[in-house]
file my_file_25.cif (mmCIF, C-alpha atoms; chains and numbers go by the auth columns)
data_model
loop_
_atom_site.group_PDB
_atom_site.id
_atom_site.type_symbol
_atom_site.label_atom_id
_atom_site.label_comp_id
_atom_site.label_asym_id
_atom_site.label_seq_id
_atom_site.Cartn_x
_atom_site.Cartn_y
_atom_site.Cartn_z
_atom_site.B_iso_or_equiv
_atom_site.auth_seq_id
_atom_site.auth_asym_id
ATOM 1 C CA MET A 1 0.000 0.000 0.000 0.00 300 A
ATOM 2 C CA ARG A 2 1.167 3.471 -0.854 0.00 301 A
ATOM 3 C CA GLU A 3 0.172 6.844 0.508 0.00 302 A
ATOM 4 C CA TYR A 4 -1.357 9.384 -1.866 0.00 303 A
ATOM 5 C CA GLU A 5 -2.646 12.912 -1.689 0.00 304 A
ATOM 6 C CA LEU A 6 -5.507 13.995 -3.948 0.00 305 A
ATOM 7 C CA TYR A 7 -6.127 17.697 -4.566 0.00 306 A
ATOM 8 C CA LEU A 8 -9.620 18.242 -5.931 0.00 307 A
ATOM 9 C CA ILE A 9 -11.362 21.376 -7.255 0.00 308 A
ATOM 10 C CA ILE A 10 -15.145 21.077 -7.560 0.00 309 A
ATOM 11 C CA ASP A 11 -17.567 23.541 -9.183 0.00 310 A
ATOM 12 C CA ALA A 12 -18.562 26.138 -6.553 0.00 311 A
ATOM 13 C CA GLU A 13 -22.124 26.395 -7.895 0.00 312 A
ATOM 14 C CA LEU A 14 -23.011 22.906 -6.617 0.00 313 A
ATOM 15 C CA GLU A 15 -25.290 22.303 -3.657 0.00 314 A
ATOM 16 C CA GLU A 16 -23.681 21.010 -0.457 0.00 315 A
ATOM 17 C CA ASP A 17 -25.376 17.615 -0.926 0.00 316 A
ATOM 18 C CA ALA A 18 -23.790 17.184 -4.368 0.00 317 A
ATOM 19 C CA VAL A 19 -20.340 18.089 -3.002 0.00 318 A
ATOM 20 C CA ASN A 20 -20.795 15.603 -0.146 0.00 319 A
ATOM 21 C CA ALA A 21 -21.816 12.916 -2.652 0.00 320 A
ATOM 22 C CA ILE A 22 -18.591 13.450 -4.625 0.00 321 A
ATOM 23 C CA VAL A 23 -16.524 13.319 -1.416 0.00 322 A
ATOM 24 C CA GLU A 24 -18.259 10.107 -0.311 0.00 323 A
ATOM 25 C CA ARG A 25 -17.770 8.480 -3.729 0.00 324 A
ATOM 26 C CA VAL A 26 -14.045 9.352 -3.833 0.00 325 A
ATOM 27 C CA THR A 27 -13.653 8.057 -0.274 0.00 326 A
ATOM 28 C CA ALA A 28 -15.446 4.811 -1.124 0.00 327 A
ATOM 29 C CA LEU A 29 -13.336 4.221 -4.242 0.00 328 A
ATOM 30 C CA ALA A 30 -10.076 4.941 -2.410 0.00 329 A
ATOM 31 C CA VAL A 31 -10.946 2.735 0.555 0.00 330 A
ATOM 32 C CA ALA A 32 -12.265 -0.144 -1.591 0.00 331 A
ATOM 33 C CA GLY A 33 -8.742 -0.934 -2.795 0.00 332 A
ATOM 34 C CA SER A 34 -8.131 -3.835 -5.132 0.00 333 A
ATOM 35 C CA GLY A 35 -6.904 -7.398 -5.019 0.00 334 A
ATOM 36 C CA GLY A 36 -8.401 -7.953 -1.579 0.00 335 A
ATOM 37 C CA LEU A 37 -6.356 -5.158 -0.002 0.00 336 A
ATOM 38 C CA PRO A 38 -8.606 -2.442 1.397 0.00 337 A
ATOM 39 C CA GLY A 39 -7.333 1.118 1.521 0.00 338 A
ATOM 40 C CA GLU A 40 -7.466 3.575 4.376 0.00 339 A
ATOM 41 C CA MET A 41 -8.630 7.198 4.335 0.00 340 A
ATOM 42 C CA ILE A 42 -6.272 9.171 6.553 0.00 341 A
ATOM 43 C CA LYS A 43 -7.672 12.683 6.225 0.00 342 A
ATOM 44 C CA VAL A 44 -10.231 14.700 4.262 0.00 343 A
ATOM 45 C CA ASP A 45 -9.469 18.424 4.435 0.00 344 A
ATOM 46 C CA PRO A 46 -12.179 20.626 2.862 0.00 345 A
ATOM 47 C CA ARG A 47 -10.631 24.033 2.200 0.00 346 A
ATOM 48 C CA GLY A 48 -13.886 25.726 1.217 0.00 347 A
ATOM 49 C CA LYS A 49 -14.803 27.996 -1.654 0.00 348 A
ATOM 50 C CA ARG A 50 -11.926 29.918 -3.254 0.00 349 A
ATOM 51 C CA ARG A 51 -11.422 32.200 -6.209 0.00 350 A
ATOM 52 C CA LEU A 52 -9.453 30.482 -8.974 0.00 351 A
ATOM 53 C CA THR A 53 -6.274 32.083 -10.301 0.00 352 A
ATOM 54 C CA PHE A 54 -7.493 31.576 -13.851 0.00 353 A
ATOM 55 C CA PRO A 55 -10.840 30.377 -15.236 0.00 354 A
ATOM 56 C CA ILE A 56 -11.302 26.625 -15.521 0.00 355 A
ATOM 57 C CA LYS A 57 -14.194 25.545 -17.758 0.00 356 A
ATOM 58 C CA ARG A 58 -15.424 29.158 -17.607 0.00 357 A
ATOM 59 C CA LYS A 59 -15.716 29.015 -13.805 0.00 358 A
ATOM 60 C CA LEU A 60 -14.078 31.628 -11.570 0.00 359 A
ATOM 61 C CA GLU A 61 -14.618 29.904 -8.193 0.00 360 A
ATOM 62 C CA GLY A 62 -14.109 26.371 -6.952 0.00 361 A
ATOM 63 C CA ILE A 63 -14.354 24.285 -3.810 0.00 362 A
ATOM 64 C CA ASP A 64 -10.973 22.863 -2.762 0.00 363 A
ATOM 65 C CA ILE A 65 -10.718 19.507 -0.995 0.00 364 A
ATOM 66 C CA ILE A 66 -7.536 17.620 -0.113 0.00 365 A
ATOM 67 C CA PHE A 67 -7.692 13.866 0.530 0.00 366 A
ATOM 68 C CA THR A 68 -4.849 11.894 2.138 0.00 367 A
ATOM 69 C CA PHE A 69 -5.217 8.117 1.849 0.00 368 A
ATOM 70 C CA GLN A 70 -3.404 4.806 1.541 0.00 369 A
ATOM 71 C CA THR A 71 -4.408 2.384 -1.174 0.00 370 A
ATOM 72 C CA PRO A 72 -2.890 -0.106 -3.607 0.00 371 A
ATOM 73 C CA PRO A 73 -1.725 1.519 -6.871 0.00 372 A
ATOM 74 C CA ALA A 74 -4.288 -0.417 -8.920 0.00 373 A
ATOM 75 C CA ALA A 75 -7.158 1.277 -7.060 0.00 374 A
ATOM 76 C CA LEU A 76 -6.125 4.696 -8.375 0.00 375 A
ATOM 77 C CA THR A 77 -7.432 3.882 -11.842 0.00 376 A
ATOM 78 C CA GLU A 78 -11.005 3.721 -10.511 0.00 377 A
ATOM 79 C CA VAL A 79 -10.623 6.975 -8.582 0.00 378 A
ATOM 80 C CA GLU A 80 -9.143 8.788 -11.587 0.00 379 A
ATOM 81 C CA ARG A 81 -11.781 7.398 -13.950 0.00 380 A
ATOM 82 C CA PHE A 82 -14.557 8.707 -11.700 0.00 381 A
ATOM 83 C CA LEU A 83 -12.925 12.142 -11.466 0.00 382 A
ATOM 84 C CA LYS A 84 -12.188 12.341 -15.188 0.00 383 A
ATOM 85 C CA PHE A 85 -15.783 11.685 -16.267 0.00 384 A
ATOM 86 C CA ASN A 86 -17.501 13.752 -13.568 0.00 385 A
ATOM 87 C CA GLU A 87 -18.457 17.134 -15.040 0.00 386 A
ATOM 88 C CA GLN A 88 -18.609 18.855 -11.642 0.00 387 A
ATOM 89 C CA VAL A 89 -14.905 18.166 -11.023 0.00 388 A
ATOM 90 C CA LEU A 90 -12.928 21.044 -12.517 0.00 389 A
ATOM 91 C CA ARG A 91 -9.405 19.738 -11.780 0.00 390 A
ATOM 92 C CA TYR A 92 -7.696 17.023 -9.777 0.00 391 A
ATOM 93 C CA LEU A 93 -4.125 16.015 -9.032 0.00 392 A
ATOM 94 C CA VAL A 94 -2.972 12.782 -7.399 0.00 393 A
ATOM 95 C CA VAL A 95 0.500 12.772 -5.845 0.00 394 A
ATOM 96 C CA ARG A 96 2.320 9.898 -4.194 0.00 395 A
ATOM 97 C CA THR A 97 3.579 11.084 -0.795 0.00 396 A
ATOM 98 C CA ASP A 98 5.177 8.044 0.844 0.00 397 A
ATOM 99 C CA GLU A 99 8.463 8.284 -1.061 0.00 398 A
ATOM 100 C CA ARG A 100 10.796 10.932 0.351 0.00 399 A
#
call {"tool": "encode", "arguments": {"input": "my_file_25.cif", "output": "structure tokens"}}
result
Amino acid sequence: MREYELYLIIDAELEEDAVNAIVERVTALAVAGSGGLPGEMIKVDPRGKRRLTFPIKRKLEGIDIIFTFQTPPAALTEVERFLKFNEQVLRYLVVRTDER
């Protein structure tokens, strides 16, 4: 298992329930793991609504959330696929943090 950090920017025009649904789905996919190895969510840090430095998909504001979790590398494909095809997700970045 490796430790990852996911930085997520969600459309600020969404209702709180829709944002919570995205957070729950990402958490479920990260914790599900693969190959019988479940992952572990270490921390979910919602940063709130912020003004973007430059427009992304014609949006000027976004909701920032940082996830820290441990999961097998194969489980990241499911997380990234969900984020890639979700229209409410403006940007995401997954970084491996366990190697120093």
call {"tool": "resolve_selection", "arguments": {"input": "my_file_25.cif", "expression": "the PyMOL selection byres ((chain A and resi 351) around 10)", "output": "ChimeraX atom specification"}}
result
/A:308,348-350,352-355,358-363
call {"tool": "atom_distance", "arguments": {"input": "my_file_25.cif", "atom1": "CA of Val330 in chain A", "atom2": "CA of Thr376 in chain A"}}
result
12.9 Å
call {"tool": "closest_residue", "arguments": {"input": "my_file_25.cif", "among": "A:Asp316, A:Asp344, A:Glu379, A:Asp310", "to": "Thr367 in chain A", "atoms": "all atoms listed in the file"}}
result
A:Asp344
call {"tool": "residues_around", "arguments": {"input": "my_file_25.cif", "residues": "Arg324 in chain A", "least_positions_apart": "3", "cutoff": "12 Å", "atoms": "only C-alpha atoms", "output": "MDAnalysis selection string"}}
result
chainID A and resid 317:321 327:331 377:382 385
call {"tool": "residues_near_point", "arguments": {"input": "my_file_25.cif", "point": "(-6.5, 11.5, -3.5)", "cutoff": "8 Å", "atoms": "all atoms listed in the file", "output": "PyMOL selection string"}}
result
chain A and resi 303-307+325+329+365-368+378+392-394
call {"tool": "atom_distance", "arguments": {"input": "my_file_25.cif", "atom1": "CA of Ala373 in chain A", "atom2": "CA of Ile341 in chain A"}}
result
18.3 Å
call {"tool": "closest_residue", "arguments": {"input": "my_file_25.cif", "among": "A:Lys383, A:Arg390, A:Arg395, A:Arg301", "to": "Pro337 in chain A", "atoms": "only C-alpha atoms"}}
result
A:Arg301
call {"tool": "atom_distance", "arguments": {"input": "my_file_25.cif", "atom1": "CA of Glu339 in chain A", "atom2": "CA of Glu302 in chain A"}}
result
9.2 Å
call {"tool": "closest_residue", "arguments": {"input": "my_file_25.cif", "among": "A:Leu336, A:Ile309, A:Met300, A:Leu389", "to": "Lys356 in chain A", "atoms": "only C-alpha atoms"}}
result
A:Leu389
call {"tool": "axis_aligned_box", "arguments": {"input": "my_file_25.cif", "around": "range 342-348 of chain A", "padding_each_side": "4 Å", "output": "JSON"}}
result
{"center_x": -11.2, "center_y": 20.3, "center_z": 2.3, "size_x": 15.1, "size_y": 23.3, "size_z": 15.9}
call {"tool": "decode", "arguments": {"input": "my_file_25.cif", "residues": "chain A", "atoms": "C-alpha atoms", "output": "PDB file, in the first residue's frame"}}
result
ATOM      1  CA  MET A 300       0.000   0.000   0.000  1.00  0.00           C
ATOM      2  CA  ARG A 301       1.167   3.471  -0.854  1.00  0.00           C
ATOM      3  CA  GLU A 302       0.172   6.844   0.508  1.00  0.00           C
ATOM      4  CA  TYR A 303      -1.357   9.384  -1.866  1.00  0.00           C
ATOM      5  CA  GLU A 304      -2.646  12.912  -1.689  1.00  0.00           C
ATOM      6  CA  LEU A 305      -5.507  13.995  -3.948  1.00  0.00           C
ATOM      7  CA  TYR A 306      -6.127  17.697  -4.566  1.00  0.00           C
ATOM      8  CA  LEU A 307      -9.620  18.242  -5.931  1.00  0.00           C
ATOM      9  CA  ILE A 308     -11.362  21.376  -7.255  1.00  0.00           C
ATOM     10  CA  ILE A 309     -15.145  21.077  -7.560  1.00  0.00           C
ATOM     11  CA  ASP A 310     -17.567  23.541  -9.183  1.00  0.00           C
ATOM     12  CA  ALA A 311     -18.562  26.138  -6.553  1.00  0.00           C
ATOM     13  CA  GLU A 312     -22.124  26.395  -7.895  1.00  0.00           C
ATOM     14  CA  LEU A 313     -23.011  22.906  -6.617  1.00  0.00           C
ATOM     15  CA  GLU A 314     -25.290  22.303  -3.657  1.00  0.00           C
ATOM     16  CA  GLU A 315     -23.681  21.010  -0.457  1.00  0.00           C
ATOM     17  CA  ASP A 316     -25.376  17.615  -0.926  1.00  0.00           C
ATOM     18  CA  ALA A 317     -23.790  17.184  -4.368  1.00  0.00           C
ATOM     19  CA  VAL A 318     -20.340  18.089  -3.002  1.00  0.00           C
ATOM     20  CA  ASN A 319     -20.795  15.603  -0.146  1.00  0.00           C
ATOM     21  CA  ALA A 320     -21.816  12.916  -2.652  1.00  0.00           C
ATOM     22  CA  ILE A 321     -18.591  13.450  -4.625  1.00  0.00           C
ATOM     23  CA  VAL A 322     -16.524  13.319  -1.416  1.00  0.00           C
ATOM     24  CA  GLU A 323     -18.259  10.107  -0.311  1.00  0.00           C
ATOM     25  CA  ARG A 324     -17.770   8.480  -3.729  1.00  0.00           C
ATOM     26  CA  VAL A 325     -14.045   9.352  -3.833  1.00  0.00           C
ATOM     27  CA  THR A 326     -13.653   8.057  -0.274  1.00  0.00           C
ATOM     28  CA  ALA A 327     -15.446   4.811  -1.124  1.00  0.00           C
ATOM     29  CA  LEU A 328     -13.336   4.221  -4.242  1.00  0.00           C
ATOM     30  CA  ALA A 329     -10.076   4.941  -2.410  1.00  0.00           C
ATOM     31  CA  VAL A 330     -10.946   2.735   0.555  1.00  0.00           C
ATOM     32  CA  ALA A 331     -12.265  -0.144  -1.591  1.00  0.00           C
ATOM     33  CA  GLY A 332      -8.742  -0.934  -2.795  1.00  0.00           C
ATOM     34  CA  SER A 333      -8.131  -3.835  -5.132  1.00  0.00           C
ATOM     35  CA  GLY A 334      -6.904  -7.398  -5.019  1.00  0.00           C
ATOM     36  CA  GLY A 335      -8.401  -7.953  -1.579  1.00  0.00           C
ATOM     37  CA  LEU A 336      -6.356  -5.158  -0.002  1.00  0.00           C
ATOM     38  CA  PRO A 337      -8.606  -2.442   1.397  1.00  0.00           C
ATOM     39  CA  GLY A 338      -7.333   1.118   1.521  1.00  0.00           C
ATOM     40  CA  GLU A 339      -7.466   3.575   4.376  1.00  0.00           C
ATOM     41  CA  MET A 340      -8.630   7.198   4.335  1.00  0.00           C
ATOM     42  CA  ILE A 341      -6.272   9.171   6.553  1.00  0.00           C
ATOM     43  CA  LYS A 342      -7.672  12.683   6.225  1.00  0.00           C
ATOM     44  CA  VAL A 343     -10.231  14.700   4.262  1.00  0.00           C
ATOM     45  CA  ASP A 344      -9.469  18.424   4.435  1.00  0.00           C
ATOM     46  CA  PRO A 345     -12.179  20.626   2.862  1.00  0.00           C
ATOM     47  CA  ARG A 346     -10.631  24.033   2.200  1.00  0.00           C
ATOM     48  CA  GLY A 347     -13.886  25.726   1.217  1.00  0.00           C
ATOM     49  CA  LYS A 348     -14.803  27.996  -1.654  1.00  0.00           C
ATOM     50  CA  ARG A 349     -11.926  29.918  -3.254  1.00  0.00           C
ATOM     51  CA  ARG A 350     -11.422  32.200  -6.209  1.00  0.00           C
ATOM     52  CA  LEU A 351      -9.453  30.482  -8.974  1.00  0.00           C
ATOM     53  CA  THR A 352      -6.274  32.083 -10.301  1.00  0.00           C
ATOM     54  CA  PHE A 353      -7.493  31.576 -13.851  1.00  0.00           C
ATOM     55  CA  PRO A 354     -10.840  30.377 -15.236  1.00  0.00           C
ATOM     56  CA  ILE A 355     -11.302  26.625 -15.521  1.00  0.00           C
ATOM     57  CA  LYS A 356     -14.194  25.545 -17.758  1.00  0.00           C
ATOM     58  CA  ARG A 357     -15.424  29.158 -17.607  1.00  0.00           C
ATOM     59  CA  LYS A 358     -15.716  29.015 -13.805  1.00  0.00           C
ATOM     60  CA  LEU A 359     -14.078  31.628 -11.570  1.00  0.00           C
ATOM     61  CA  GLU A 360     -14.618  29.904  -8.193  1.00  0.00           C
ATOM     62  CA  GLY A 361     -14.109  26.371  -6.952  1.00  0.00           C
ATOM     63  CA  ILE A 362     -14.354  24.285  -3.810  1.00  0.00           C
ATOM     64  CA  ASP A 363     -10.973  22.863  -2.762  1.00  0.00           C
ATOM     65  CA  ILE A 364     -10.718  19.507  -0.995  1.00  0.00           C
ATOM     66  CA  ILE A 365      -7.536  17.620  -0.113  1.00  0.00           C
ATOM     67  CA  PHE A 366      -7.692  13.866   0.530  1.00  0.00           C
ATOM     68  CA  THR A 367      -4.849  11.894   2.138  1.00  0.00           C
ATOM     69  CA  PHE A 368      -5.217   8.117   1.849  1.00  0.00           C
ATOM     70  CA  GLN A 369      -3.404   4.806   1.541  1.00  0.00           C
ATOM     71  CA  THR A 370      -4.408   2.384  -1.174  1.00  0.00           C
ATOM     72  CA  PRO A 371      -2.890  -0.106  -3.607  1.00  0.00           C
ATOM     73  CA  PRO A 372      -1.725   1.519  -6.871  1.00  0.00           C
ATOM     74  CA  ALA A 373      -4.288  -0.417  -8.920  1.00  0.00           C
ATOM     75  CA  ALA A 374      -7.158   1.277  -7.060  1.00  0.00           C
ATOM     76  CA  LEU A 375      -6.125   4.696  -8.375  1.00  0.00           C
ATOM     77  CA  THR A 376      -7.432   3.882 -11.842  1.00  0.00           C
ATOM     78  CA  GLU A 377     -11.005   3.721 -10.511  1.00  0.00           C
ATOM     79  CA  VAL A 378     -10.623   6.975  -8.582  1.00  0.00           C
ATOM     80  CA  GLU A 379      -9.143   8.788 -11.587  1.00  0.00           C
ATOM     81  CA  ARG A 380     -11.781   7.398 -13.950  1.00  0.00           C
ATOM     82  CA  PHE A 381     -14.557   8.707 -11.700  1.00  0.00           C
ATOM     83  CA  LEU A 382     -12.925  12.142 -11.466  1.00  0.00           C
ATOM     84  CA  LYS A 383     -12.188  12.341 -15.188  1.00  0.00           C
ATOM     85  CA  PHE A 384     -15.783  11.685 -16.267  1.00  0.00           C
ATOM     86  CA  ASN A 385     -17.501  13.752 -13.568  1.00  0.00           C
ATOM     87  CA  GLU A 386     -18.457  17.134 -15.040  1.00  0.00           C
ATOM     88  CA  GLN A 387     -18.609  18.855 -11.642  1.00  0.00           C
ATOM     89  CA  VAL A 388     -14.905  18.166 -11.023  1.00  0.00           C
ATOM     90  CA  LEU A 389     -12.928  21.044 -12.517  1.00  0.00           C
ATOM     91  CA  ARG A 390      -9.405  19.738 -11.780  1.00  0.00           C
ATOM     92  CA  TYR A 391      -7.696  17.023  -9.777  1.00  0.00           C
ATOM     93  CA  LEU A 392      -4.125  16.015  -9.032  1.00  0.00           C
ATOM     94  CA  VAL A 393      -2.972  12.782  -7.399  1.00  0.00           C
ATOM     95  CA  VAL A 394       0.500  12.772  -5.845  1.00  0.00           C
ATOM     96  CA  ARG A 395       2.320   9.898  -4.194  1.00  0.00           C
ATOM     97  CA  THR A 396       3.579  11.084  -0.795  1.00  0.00           C
ATOM     98  CA  ASP A 397       5.177   8.044   0.844  1.00  0.00           C
ATOM     99  CA  GLU A 398       8.463   8.284  -1.061  1.00  0.00           C
ATOM    100  CA  ARG A 399      10.796  10.932   0.351  1.00  0.00           C
TER     101      ARG A 399
END
